[in-house]
Each structure stands twice: as structure tokens, then as C-alpha cells.
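Enquirer: I'd like to ask some things about the structure below.
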Amino acid sequence: MAGRGAATAVVYKTGGSALTMDKLIISGGKPLQGRVRISGAKNAALAVICASVMSVDKVKLENVPDISDVQAMIEIIRHLGAEATWLCESTLQINPPSRLKADPPCHLVKKLRASNLFLGPLLSRFGYTKVSLPGGCNIGVRPMDLHFKGLSSMGADIRIEGGFAVGRAPNRLQGARIYLDFPSVGATENLMMAACLAIGQTILENVAKEPEVVDLANFLNCLGAKVRGAGTDIIKIDGVPELGGCQRYTVIPDRIEAGTFMVAAAATRGSLVLENIIPPHVEPICAKLREAGVEVLENGDSIMVNANGNLQPLDIKTLPYPGFPTDMQSQMMAMLTMVNGTSVIVENIFENRFQVADEFKRMGARIKVEGRMAVVEGVSEMHGAEVRATDLRAGAALVIAGLMSRGQTGISNAHYIDRGYHRLEDKLRSLGVEVSRS
Ligand code: EPZ
């Protein structure tokens with residue numbers, strides 16, 4: 001995918017089926033040292049861009065990461081008739097469509113799970129949506145039953161037709177009281193957006209409390225919506241007839257990018273200062289790093305991570321926020337491969353998020369996976385190898401493993417990593433890492 005011009009580090013050329021420039025090569029064995037500025041949150045930016053199609057006037061978004069998932073989302077809203085222009089590296093201006101131009105393009109929707117977030121916005125504003133089912137991905141089936149059930153209870157007619165979710169709401173959606181069987185991030189976001197333009201009040205219970213959900217609620221209120229309670233178990237939305245523009249909205253920093261760098265610093269026994277952080281958002285990660293014996297010091301919107309000497313093994317269970325985030329599970333596993341002792345990881349969110357363990361084993365790790373549980377026996381040394389990323393966070397975890405290992409590691413399918421990490425190579429080089437692409 002072509003990037004947005006010179007600022008984008010890598011342009012993929014599709015040579016036949018394989019992508020070229022899709023392998024990261026890392027020379028490991030050195031501690032990370034220095035300072036790194038964290039970019040805007042992928043999972044907040046994607047939801048906010050989706051919500052922008054509900055607005056009747058332009059919006060200006062700041063701190064938007066120029067990553068391939070955001071580029072794909074921009075292509076989708078352009079296809080729907082919106083204008084989207086980068087005013088500078090991380091500021092995006094969107095002029096939303098006055099009417100729905102077309103269904104989101106299938107080839108784009110399929111590769112971007114977050115495209116399922118168009119359901120609520122398009123149904124509530126235009127009364128119609130046809131979104132290709134994003135399908136499962138490498139970390140799990142990714143069903144959408146909670147999305148569909150909630151929208152149906154608001155009066156939408158949702159049908160699955162030939163691999164598409166087709167939604168119709170000839171009359172405006174009606175407010176409803178909805179209890180989510182599971183605090184799904186996507187379902188919370190879709191239903192919150194749909195409720196903004198519904199008639200009457202919607203009460204969402206047992207909702208996701210992730211910071212990205214709160215960020216979306218704040219953006220919706222900037223557009224003139226009436227959303228209360230985001231970040232708690234119950235969100236109340238009073239429908240309004242129309243949503244206006246938003247002069248300026250700054251997306252929150254990416255807590256998972258921050259966590260990835262924090263764990264990389266700990267795994268390489270380095271010393272790192274991270275800037276542009278909201279400390280409470282990374283508290284679950286900081287708590288686990290401190291438990292392992294890492295020094296983590298907060299200072300306003302910066303955090304310093306110092307790790308020297310031996311770390312302690314950990315027991316980790318992934319849970320909805322504010323529990324330990326599933327999106328940090330693979331990265332933590334990477335660090336624990338060289339922590340003396342036995343660590344146990346339980347993945348409670350996605351049913352297939354241990355695939356990266358096989359790649360770690362090629363580098364010398366000792367990991368036993370049994371269903372939702374992985375047992376990691378720390379080894380004294382890992383060695384570079386040719387490995388393959390199977391999803392975004394697995395790719396990030398393999399970067400960490402490469403940084404920890406003696407010798408060179410080649411990570412293919414690096415396009416997965418580009419989905420969620422802005423200028424990763426530049427940031428790593430600034431911290432003393434020898435990294436290249438081939
Ligand atoms: C969001 O995915 C994030 N993606 C994921 O980040 C993140 O891992 C996940 O939330 C959990 O925090 C974006 O925000 C774009 P869910 P989402 O609905 O919304 C089940 C990354 O690496 N479920 O909270 O798809 C589902 O199967 C990505 O940045 C249903 O059963 O996650 C899963 O087991 C990966 N029915 C669990 O809930 C539904 O209708 C959590 O899914 C919906 C979900």
C-alpha cells in the first residue's frame with residue numbers, strides 16, 4: 001500500500017503474490033537507551049474516523065498515527081464520499097459525505113477488522129449499511145453477534161447476505177436498553193455511535209471501559225452528541241437530530257505502543273524515557289513490570305523504564321480494561337522467555353493468540369501451550385532466526401525477541417507491524433538499534 005508520501009517509511013510493491021520490503025531485519029543483543037515519543041492511538045483513531053461520517057460538517061483530528069490501518073480507513077471513507085486530507089504529519093481533516101455514496105469497498109473492509117465500526121454510524125445517519133463481514137483473523141473468530149443484537153434492539157433490520165452484513169433502518173433508530181453479554185470494545189463503540197442519532201435514550205450496560213471507548217465518546221460529544229458514563233459500566237446516550245462538525249479533536253496516545261516500548265526496554269535491560277503518555281492508561285502494564293522488578297517512574301506525561309539485573313517470572317491473565325490488555329500479551333511473553341523461572345500466561349479474550357510461541361521457540365524459547373494457557377520456562381539466551389509475524393501484536397513481540405537475541409533476526413510479514421506502529425524503524429534506530437528492511 002502506498003504511504004502518504006515521503007513521510008511514510010516504506011512503500012510496498014506487490015511483486016506477484018508476495019510483498020517486497022516486507023521483512024524487518026534486526027540485530028539484537030543491545031539494551032534500548034534513550035527517549036521515544038509515542039504516537040496517537042490506532043484503536044481510538046480508527047473509531048473516531050468511522051464516527052466522522054456521522055457529522056454534517058468538517059472535523060479536524062490531531063495526533064492521528066499515519067499507519068496502514070488508518071490509511072485503509074481513510075480509503076474507505078473516501079469511497080463513501082468523504083474528503084480526507086492530511087494537513088500535516090498527524091493532523092487529518094475530514095469533510096464527511098452529505099449522502100452515502102456507496103458501500104464500503106469489500107477488498108478494504110476485509111483486511112481491516114475495524115471496518116465493522118461503520119455499522120452504527122451508517123445505519124444511524126443514512127438508515128442503510130452494507131459492510132462485508134471482516135471475517136475472522138489469526139487471533140480468533142471475531143464474531144459480531146453482540147453488535148447485531150444491539151442494533152436490532154434499536155429497530156434495525158440486520159441480515160447476513162452473501163458474506164455481507166446488510167442493515168436497514170427505514171425509520172430512525174429507537175433508543176433501547178441493552179446489556180452486553182461481554183464488554184466488547186467494538187460492540188460498545190458501534191452501539192454508542194448508533195444511539196447518538198437514535199430517537200430517545202439508549203442505556204448500554206456491561207460495556208467496555210477501554211480508554212479508546214472514552215476517547216470516542218469525547219469525540220462524539222465534540223460533534224454535539226449527548227454521551228454520558230463512558231469509562232464506567234453503564235453509558236447513557238440521548239439521541240439528537242444531527243451531529244455538527246468538530247473544530248479540533250486530539251486523539252489519545254497509544255497505550256499499546258507505549259507498552260510495547262516499555263516491555264522492549266525491560267526485555268533488553270535498557271533505560272528508556274517515553275513521552276506523550278497518559279499514565280493511568282498504562283497502569284496495568286506498569287504494575288506487571290514493577291512486579292517483575294523493573295523500575296517504572298512516572299513524571300507528568302512521561303514515563304521512565306529502567307531494567308538492569310535479573311527480572312522475576314510473572315503470572316499474567318488478560319482481561320477487559322482495566323485488566324491486563326490482551327494486546328500486550330505477546331510482547332510480555334517475549335520478555336518472559338529470558339526471565340529465569342516459570343511464568344504462566346492465561347489469554348482470556350481471544351481464543352487463538354499464542355501462535356507467536358512457535359516463532360519464539362525457533363529462537364530458543366521454552367514454552368508449552370495448553371489451550372488458553374502458556375507456560376514459559378526462562379532460558380539464559382535466545383538466538384536470532386528467520387521468523388514470521390502472524391498478526392500485528394505477534395509481529396511487535398517478535399521485534400522484542402529480536403532485540404533480546406544474540407545475532408540477526410529476520411521478521412517476515414512485517415506489513416502486520418506497519419498496521420499499528422508509526423515509524424517503528426525510525427524510533428528503534430533513535431534508540432541505538434540496527435534495523436533494516438528487505
Ligand atoms: C478491539 O477489538 C481492538 N481493535 C483489539 O485490538 C483488541 O484486542 C480488542 O478490542 C480487545 O481489547 C480495535 O479497537 C480496532 P472485542 P474488538 O469486541 O472490538 C468477543 C489490536 O491489536 N466478541 O472487545 O474486535 C470476541 O470474540 C487489536 O490493536 C463476541 O463474542 O474486540 C473476543 O473474544 C487486536 N461477540 C472478545 O469478545 C461480539 O459481537 C473481545 O472482542 C464481539 C466480540
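Labels used: A, B, ... for chains in the order of the C-alpha cells, numbers from 1 for residues in each chain, and numbers from 1 for ligands as shown.
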Got a sec: who's within 8 Å of segment 281-295 of chain A, counting only C-alpha atoms, leaving out chain neighbours fewer than 5 positions off, as a list in words?

Expert: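 The neighbour list is Pro211, Arg255, Ile256, Ala258, Gly259, Val263, Ala266, Met304, Val305, Asn306, Ala307, Asn308, Asn310, Leu311, Gln312, Pro313, Leu314, Pro322, Gly323, Phe324 and Pro325 of chain A.
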
Enquirer: Could the residues in this selection be saved with N, CA, C and O atoms as a PDB file, in the first residue's frame?

Expert:
```
ATOM      1  N   PRO A 211      -9.795   2.977  27.322  1.00  0.00           N
ATOM      2  CA  PRO A 211      -9.600   4.417  27.054  1.00  0.00           C
ATOM      3  C   PRO A 211     -10.033   4.825  25.650  1.00  0.00           C
ATOM      4  O   PRO A 211     -10.474   5.958  25.432  1.00  0.00           O
ATOM      5  N   ARG A 255      -1.633   3.523  24.087  1.00  0.00           N
ATOM      6  CA  ARG A 255      -1.153   2.835  25.287  1.00  0.00           C
ATOM      7  C   ARG A 255      -0.477   1.500  24.953  1.00  0.00           C
ATOM      8  O   ARG A 255       0.379   1.013  25.696  1.00  0.00           O
ATOM      9  N   ILE A 256      -0.831   0.916  23.804  1.00  0.00           N
ATOM     10  CA  ILE A 256      -0.238  -0.373  23.440  1.00  0.00           C
ATOM     11  C   ILE A 256       1.131  -0.153  22.801  1.00  0.00           C
ATOM     12  O   ILE A 256       2.084  -0.894  23.047  1.00  0.00           O
ATOM     13  N   ALA A 258       2.977   2.334  23.631  1.00  0.00           N
ATOM     14  CA  ALA A 258       3.770   2.681  24.820  1.00  0.00           C
ATOM     15  C   ALA A 258       4.176   1.416  25.572  1.00  0.00           C
ATOM     16  O   ALA A 258       5.354   1.209  25.890  1.00  0.00           O
ATOM     17  N   GLY A 259       3.221   0.537  25.787  1.00  0.00           N
ATOM     18  CA  GLY A 259       3.520  -0.716  26.497  1.00  0.00           C
ATOM     19  C   GLY A 259       4.545  -1.552  25.769  1.00  0.00           C
ATOM     20  O   GLY A 259       5.425  -2.159  26.387  1.00  0.00           O
ATOM     21  N   VAL A 263       8.060  -2.668  27.473  1.00  0.00           N
ATOM     22  CA  VAL A 263       8.464  -4.066  27.601  1.00  0.00           C
ATOM     23  C   VAL A 263       9.762  -4.316  26.847  1.00  0.00           C
ATOM     24  O   VAL A 263      10.634  -5.052  27.313  1.00  0.00           O
ATOM     25  N   ALA A 266      12.520  -3.167  29.063  1.00  0.00           N
ATOM     26  CA  ALA A 266      12.737  -4.130  30.161  1.00  0.00           C
ATOM     27  C   ALA A 266      13.408  -5.396  29.642  1.00  0.00           C
ATOM     28  O   ALA A 266      14.354  -5.910  30.244  1.00  0.00           O
ATOM     29  N   MET A 304       9.588   6.768  32.738  1.00  0.00           N
ATOM     30  CA  MET A 304      10.945   6.222  32.565  1.00  0.00           C
ATOM     31  C   MET A 304      10.936   4.759  32.993  1.00  0.00           C
ATOM     32  O   MET A 304      10.369   4.409  34.033  1.00  0.00           O
ATOM     33  N   VAL A 305      11.552   3.920  32.183  1.00  0.00           N
ATOM     34  CA  VAL A 305      11.658   2.485  32.485  1.00  0.00           C
ATOM     35  C   VAL A 305      13.130   2.121  32.577  1.00  0.00           C
ATOM     36  O   VAL A 305      13.901   2.381  31.655  1.00  0.00           O
ATOM     37  N   ASN A 306      13.533   1.588  33.751  1.00  0.00           N
ATOM     38  CA  ASN A 306      14.921   1.144  33.922  1.00  0.00           C
ATOM     39  C   ASN A 306      14.934  -0.319  34.324  1.00  0.00           C
ATOM     40  O   ASN A 306      14.236  -0.716  35.257  1.00  0.00           O
ATOM     41  N   ALA A 307      15.709  -1.117  33.610  1.00  0.00           N
ATOM     42  CA  ALA A 307      15.771  -2.551  33.992  1.00  0.00           C
ATOM     43  C   ALA A 307      17.220  -2.991  33.903  1.00  0.00           C
ATOM     44  O   ALA A 307      17.807  -2.969  32.833  1.00  0.00           O
ATOM     45  N   ASN A 308      17.806  -3.338  35.047  1.00  0.00           N
ATOM     46  CA  ASN A 308      19.121  -3.964  34.956  1.00  0.00           C
ATOM     47  C   ASN A 308      19.117  -5.137  35.921  1.00  0.00           C
ATOM     48  O   ASN A 308      18.349  -5.187  36.860  1.00  0.00           O
ATOM     49  N   ASN A 310      18.532  -9.149  37.171  1.00  0.00           N
ATOM     50  CA  ASN A 310      17.553 -10.215  36.908  1.00  0.00           C
ATOM     51  C   ASN A 310      16.124  -9.736  37.126  1.00  0.00           C
ATOM     52  O   ASN A 310      15.858  -8.963  38.029  1.00  0.00           O
ATOM     53  N   LEU A 311      15.230 -10.242  36.301  1.00  0.00           N
ATOM     54  CA  LEU A 311      13.806  -9.965  36.479  1.00  0.00           C
ATOM     55  C   LEU A 311      13.148 -11.207  37.070  1.00  0.00           C
ATOM     56  O   LEU A 311      13.708 -12.299  37.027  1.00  0.00           O
ATOM     57  N   GLN A 312      11.967 -11.005  37.600  1.00  0.00           N
ATOM     58  CA  GLN A 312      11.218 -12.112  38.242  1.00  0.00           C
ATOM     59  C   GLN A 312      10.164 -12.650  37.277  1.00  0.00           C
ATOM     60  O   GLN A 312       9.535 -11.868  36.540  1.00  0.00           O
ATOM     61  N   PRO A 313       9.902 -13.956  37.315  1.00  0.00           N
ATOM     62  CA  PRO A 313       8.830 -14.515  36.469  1.00  0.00           C
ATOM     63  C   PRO A 313       7.469 -13.980  36.904  1.00  0.00           C
ATOM     64  O   PRO A 313       7.322 -13.473  38.027  1.00  0.00           O
ATOM     65  N   LEU A 314       6.482 -14.065  36.010  1.00  0.00           N
ATOM     66  CA  LEU A 314       5.165 -13.465  36.281  1.00  0.00           C
ATOM     67  C   LEU A 314       4.030 -14.434  35.965  1.00  0.00           C
ATOM     68  O   LEU A 314       4.194 -15.351  35.155  1.00  0.00           O
ATOM     69  N   PRO A 322     -10.017  -2.416  33.161  1.00  0.00           N
ATOM     70  CA  PRO A 322      -8.601  -2.098  33.411  1.00  0.00           C
ATOM     71  C   PRO A 322      -7.732  -3.304  33.746  1.00  0.00           C
ATOM     72  O   PRO A 322      -6.693  -3.141  34.386  1.00  0.00           O
ATOM     73  N   GLY A 323      -8.110  -4.492  33.287  1.00  0.00           N
ATOM     74  CA  GLY A 323      -7.229  -5.657  33.466  1.00  0.00           C
ATOM     75  C   GLY A 323      -6.052  -5.590  32.512  1.00  0.00           C
ATOM     76  O   GLY A 323      -5.928  -4.669  31.711  1.00  0.00           O
ATOM     77  N   PHE A 324      -5.191  -6.619  32.558  1.00  0.00           N
ATOM     78  CA  PHE A 324      -4.016  -6.602  31.682  1.00  0.00           C
ATOM     79  C   PHE A 324      -4.463  -6.774  30.236  1.00  0.00           C
ATOM     80  O   PHE A 324      -5.191  -7.707  29.925  1.00  0.00           O
ATOM     81  N   PRO A 325      -4.032  -5.896  29.330  1.00  0.00           N
ATOM     82  CA  PRO A 325      -4.575  -5.919  27.963  1.00  0.00           C
ATOM     83  C   PRO A 325      -4.100  -7.092  27.107  1.00  0.00           C
ATOM     84  O   PRO A 325      -2.908  -7.385  27.054  1.00  0.00           O
TER      85      PRO A 325
END
```

Enquirer: Contacts of Leu272 of chain A at 8 Å or less, counting only C-alpha atoms, minus same-chain residues fewer than 6 places along, as a list in words?

Expert: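 My list of contacting residues is Leu32, Gln33, Gly34, Arg35, Val36, Met262, Ala265, Met304, Val305 and Asn306 of chain A.
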
Enquirer: Between A:Glu242, A:Asp327, A:Asp57, A:Glu386, single out the one closest to Ile349 of chain A, counting only C-alpha atoms.

Expert: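 Of A:Glu242, A:Asp327, A:Asp57, A:Glu386, the one nearest Ile349 of chain A, counting only C-alpha atoms, is A:Asp327.
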
Enquirer: Give me the residues of chain A that have any atom at most 7 Å from an atom of ligand 1; for each, the nearest atom pair and the distance in Å, rounded to one decimal. Use only C-alpha atoms and all ligand atoms, sort by chain and number, and format it as CSV.

Expert:
```
residue,atom,partner,partner_atom_place_in_ligand_line,distance
A:Lys42,CA,ligand 1,29 (O),6.9
A:Asn43,CA,ligand 1,14 (O),4.2
A:Ala44,CA,ligand 1,14 (O),7.0
A:Leu46,CA,ligand 1,15 (C),6.5
A:Arg113,CA,ligand 1,15 (C),6.4
A:Ala114,CA,ligand 1,15 (C),4.4
A:Gly140,CA,ligand 1,27 (O),6.5
A:Val141,CA,ligand 1,27 (O),6.0
A:Arg142,CA,ligand 1,27 (O),4.2
A:Pro143,CA,ligand 1,36 (N),4.7
A:Met144,CA,ligand 1,40 (O),3.2
A:Asp145,CA,ligand 1,40 (O),4.0
A:Leu146,CA,ligand 1,40 (O),3.5
A:His147,CA,ligand 1,40 (O),5.0
A:Phe182,CA,ligand 1,38 (O),6.2
A:Pro183,CA,ligand 1,24 (O),6.4
A:Ser184,CA,ligand 1,24 (O),3.5
A:Val185,CA,ligand 1,24 (O),3.8
A:Gly186,CA,ligand 1,19 (O),3.3
A:Ala187,CA,ligand 1,43 (C),5.9
A:Pro320,CA,ligand 1,12 (O),6.3
A:Pro325,CA,ligand 1,12 (O),6.5
A:Thr326,CA,ligand 1,8 (O),5.7
A:Asp327,CA,ligand 1,8 (O),5.1
A:Ile349,CA,ligand 1,34 (O),4.6
A:Phe350,CA,ligand 1,34 (O),4.5
A:Glu351,CA,ligand 1,34 (O),6.7
A:Leu392,CA,ligand 1,22 (O),5.7
A:Arg393,CA,ligand 1,22 (O),5.6
A:Gly420,CA,ligand 1,29 (O),6.8
```

Enquirer: As an exercise, work out the distance from atom CA of Asn352 of chain A to atom CA of Val369 of chain A in Å and give it to one decimal place.

Expert: 10.8 Å

Enquirer: Nearest to Tyr249 of chain A: which of A:Leu100, A:Ile74, A:Ala194, A:Ile49 is it, counting only C-alpha atoms?

Expert: A:Ile49

Enquirer: So the first atom is atom CA of Arg366 of chain A and the second is atom CA of His383 of chain A; what is the distance between them in Å, to one decimal place?

Expert: 12.6 Å

Enquirer: Going by DSSP on the backbone, which residues of segment 26-85 of chain A come out as helix (DSSP H, G or I)? List them as a list in words.

Expert: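 Of segment 26-85 of chain A, the ones in helix (DSSP H, G or I) are Lys42, Asn43, Ala44, Ala45, Leu46, Ala47, Val48, Ile49, Cys50, Ala51, Ser52, Val53, Met54, Ser68, Asp69, Val70, Gln71, Ala72, Met73, Ile74, Glu75, Ile76, Ile77, Arg78 and His79 of chain A.
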
Enquirer: Given the selection you just returned, output its residues as a file containing N, CA and C atoms, formatted as a PDB file, in the first residue's frame.

Expert:
```
ATOM      1  N   LYS A  42      -3.957   3.910  17.658  1.00  0.00           N
ATOM      2  CA  LYS A  42      -4.576   3.297  16.477  1.00  0.00           C
ATOM      3  C   LYS A  42      -6.069   3.046  16.733  1.00  0.00           C
ATOM      4  N   ASN A  43      -6.380   2.395  17.869  1.00  0.00           N
ATOM      5  CA  ASN A  43      -7.759   1.939  18.078  1.00  0.00           C
ATOM      6  C   ASN A  43      -8.712   3.055  18.463  1.00  0.00           C
ATOM      7  N   ALA A  44      -8.145   4.207  18.839  1.00  0.00           N
ATOM      8  CA  ALA A  44      -9.001   5.389  19.039  1.00  0.00           C
ATOM      9  C   ALA A  44      -9.194   6.093  17.698  1.00  0.00           C
ATOM     10  N   ALA A  45      -8.118   6.251  16.953  1.00  0.00           N
ATOM     11  CA  ALA A  45      -8.176   6.949  15.663  1.00  0.00           C
ATOM     12  C   ALA A  45      -9.136   6.242  14.702  1.00  0.00           C
ATOM     13  N   LEU A  46      -9.084   4.918  14.652  1.00  0.00           N
ATOM     14  CA  LEU A  46      -9.953   4.181  13.728  1.00  0.00           C
ATOM     15  C   LEU A  46     -11.430   4.416  14.063  1.00  0.00           C
ATOM     16  N   ALA A  47     -11.748   4.372  15.350  1.00  0.00           N
ATOM     17  CA  ALA A  47     -13.159   4.575  15.751  1.00  0.00           C
ATOM     18  C   ALA A  47     -13.594   6.012  15.469  1.00  0.00           C
ATOM     19  N   VAL A  48     -12.716   6.971  15.741  1.00  0.00           N
ATOM     20  CA  VAL A  48     -13.062   8.391  15.538  1.00  0.00           C
ATOM     21  C   VAL A  48     -13.244   8.681  14.047  1.00  0.00           C
ATOM     22  N   ILE A  49     -12.407   8.100  13.200  1.00  0.00           N
ATOM     23  CA  ILE A  49     -12.566   8.305  11.746  1.00  0.00           C
ATOM     24  C   ILE A  49     -13.907   7.731  11.279  1.00  0.00           C
ATOM     25  N   CYS A  50     -14.271   6.561  11.793  1.00  0.00           N
ATOM     26  CA  CYS A  50     -15.582   5.979  11.455  1.00  0.00           C
ATOM     27  C   CYS A  50     -16.688   6.939  11.880  1.00  0.00           C
ATOM     28  N   ALA A  51     -16.584   7.449  13.100  1.00  0.00           N
ATOM     29  CA  ALA A  51     -17.650   8.321  13.632  1.00  0.00           C
ATOM     30  C   ALA A  51     -17.773   9.599  12.817  1.00  0.00           C
ATOM     31  N   SER A  52     -16.687  10.013  12.154  1.00  0.00           N
ATOM     32  CA  SER A  52     -16.713  11.303  11.440  1.00  0.00           C
ATOM     33  C   SER A  52     -17.740  11.305  10.309  1.00  0.00           C
ATOM     34  N   VAL A  53     -18.120  10.105   9.802  1.00  0.00           N
ATOM     35  CA  VAL A  53     -19.104  10.098   8.702  1.00  0.00           C
ATOM     36  C   VAL A  53     -20.500  10.441   9.211  1.00  0.00           C
ATOM     37  N   MET A  54     -20.650  10.516  10.533  1.00  0.00           N
ATOM     38  CA  MET A  54     -21.964  10.905  11.094  1.00  0.00           C
ATOM     39  C   MET A  54     -22.115  12.425  11.125  1.00  0.00           C
ATOM     40  N   SER A  68      -0.829   1.903   8.451  1.00  0.00           N
ATOM     41  CA  SER A  68      -1.579   1.384   7.303  1.00  0.00           C
ATOM     42  C   SER A  68      -3.047   1.131   7.625  1.00  0.00           C
ATOM     43  N   ASP A  69      -3.384   0.794   8.871  1.00  0.00           N
ATOM     44  CA  ASP A  69      -4.819   0.647   9.195  1.00  0.00           C
ATOM     45  C   ASP A  69      -5.556   1.978   9.051  1.00  0.00           C
ATOM     46  N   VAL A  70      -4.919   3.065   9.458  1.00  0.00           N
ATOM     47  CA  VAL A  70      -5.545   4.388   9.312  1.00  0.00           C
ATOM     48  C   VAL A  70      -5.637   4.748   7.829  1.00  0.00           C
ATOM     49  N   GLN A  71      -4.602   4.431   7.064  1.00  0.00           N
ATOM     50  CA  GLN A  71      -4.647   4.716   5.630  1.00  0.00           C
ATOM     51  C   GLN A  71      -5.785   3.937   4.969  1.00  0.00           C
ATOM     52  N   ALA A  72      -5.989   2.692   5.409  1.00  0.00           N
ATOM     53  CA  ALA A  72      -7.089   1.891   4.830  1.00  0.00           C
ATOM     54  C   ALA A  72      -8.439   2.491   5.206  1.00  0.00           C
ATOM     55  N   MET A  73      -8.545   2.940   6.460  1.00  0.00           N
ATOM     56  CA  MET A  73      -9.811   3.545   6.916  1.00  0.00           C
ATOM     57  C   MET A  73     -10.094   4.830   6.135  1.00  0.00           C
ATOM     58  N   ILE A  74      -9.055   5.587   5.847  1.00  0.00           N
ATOM     59  CA  ILE A  74      -9.230   6.822   5.063  1.00  0.00           C
ATOM     60  C   ILE A  74      -9.705   6.482   3.652  1.00  0.00           C
ATOM     61  N   GLU A  75      -9.147   5.417   3.082  1.00  0.00           N
ATOM     62  CA  GLU A  75      -9.592   4.997   1.742  1.00  0.00           C
ATOM     63  C   GLU A  75     -11.074   4.640   1.766  1.00  0.00           C
ATOM     64  N   ILE A  76     -11.508   3.995   2.849  1.00  0.00           N
ATOM     65  CA  ILE A  76     -12.921   3.589   2.936  1.00  0.00           C
ATOM     66  C   ILE A  76     -13.832   4.819   3.007  1.00  0.00           C
ATOM     67  N   ILE A  77     -13.495   5.782   3.871  1.00  0.00           N
ATOM     68  CA  ILE A  77     -14.419   6.937   3.968  1.00  0.00           C
ATOM     69  C   ILE A  77     -14.384   7.775   2.689  1.00  0.00           C
ATOM     70  N   ARG A  78     -13.256   7.779   1.986  1.00  0.00           N
ATOM     71  CA  ARG A  78     -13.230   8.476   0.687  1.00  0.00           C
ATOM     72  C   ARG A  78     -14.163   7.770  -0.279  1.00  0.00           C
ATOM     73  N   HIS A  79     -14.184   6.441  -0.202  1.00  0.00           N
ATOM     74  CA  HIS A  79     -15.071   5.663  -1.079  1.00  0.00           C
ATOM     75  C   HIS A  79     -16.541   5.980  -0.760  1.00  0.00           C
TER      76      HIS A  79
END
```

Enquirer: Between atom CA of Pro104 of chain A and atom CA of Gly167 of chain A, measure the distance and give it in Å to one decimal.

Expert: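 Spanning atom CA of Pro104 of chain A to atom CA of Gly167 of chain A is a straight-line distance of 13.0 Å.
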
Enquirer: Within 8 Å of segment 17-31 of chain A, counting only C-alpha atoms, which residues show up once you throw out same-chain ones fewer than 2 positions away? Write them as JSON, numbers by chain, please.

Expert: {"A": [10, 11, 12, 13, 14, 15, 33, 265, 268, 269, 270, 271, 384, 399, 402, 403, 404, 405, 406, 407, 408, 409, 410, 411, 412, 413, 414, 415, 433, 434, 435, 436, 437, 438]}

Enquirer: Taking the chain letters and numbering used in this document, name the residues of segment 115-289 of chain A that DSSP puts in strand (DSSP E), as a ChimeraX atom specification.

Expert: /A:128-132,157-161,164-168,177-179,201-205,226-228,234-238,246-250,271-275

Enquirer: Find the residues around segment 152-165 of chain A up to 9 Å (only C-alpha atoms counted), leave out those fewer than 6 positions away in its own chain, and share them as number ranges by chain.

Expert: A: 106, 119, 123, 127, 129-135, 171-178, 194-195, 198, 202

Enquirer: Quick one: residues within 7 Å of Val375 of chain A, only C-alpha atoms, excluding same-chain residues fewer than 5 positions away - as an MDAnalysis selection string?

Expert: chainID A and resid 342:345 367:369

Enquirer: Which of these residues is nearest to Thr188 of chain A, using only C-alpha atoms: A:Ser330, A:Asn206, A:Asn138, A:Ser302?

Expert: A:Asn206

Enquirer: Return the single residue from A:Asn299, A:Ala394, A:Arg362, A:Leu80 that is closest to Ala334 of chain A, with distances computed using only C-alpha atoms.

Expert: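 Going through A:Asn299, A:Ala394, A:Arg362, A:Leu80 one by one, the smallest distance to Ala334 of chain A is for A:Ala394.
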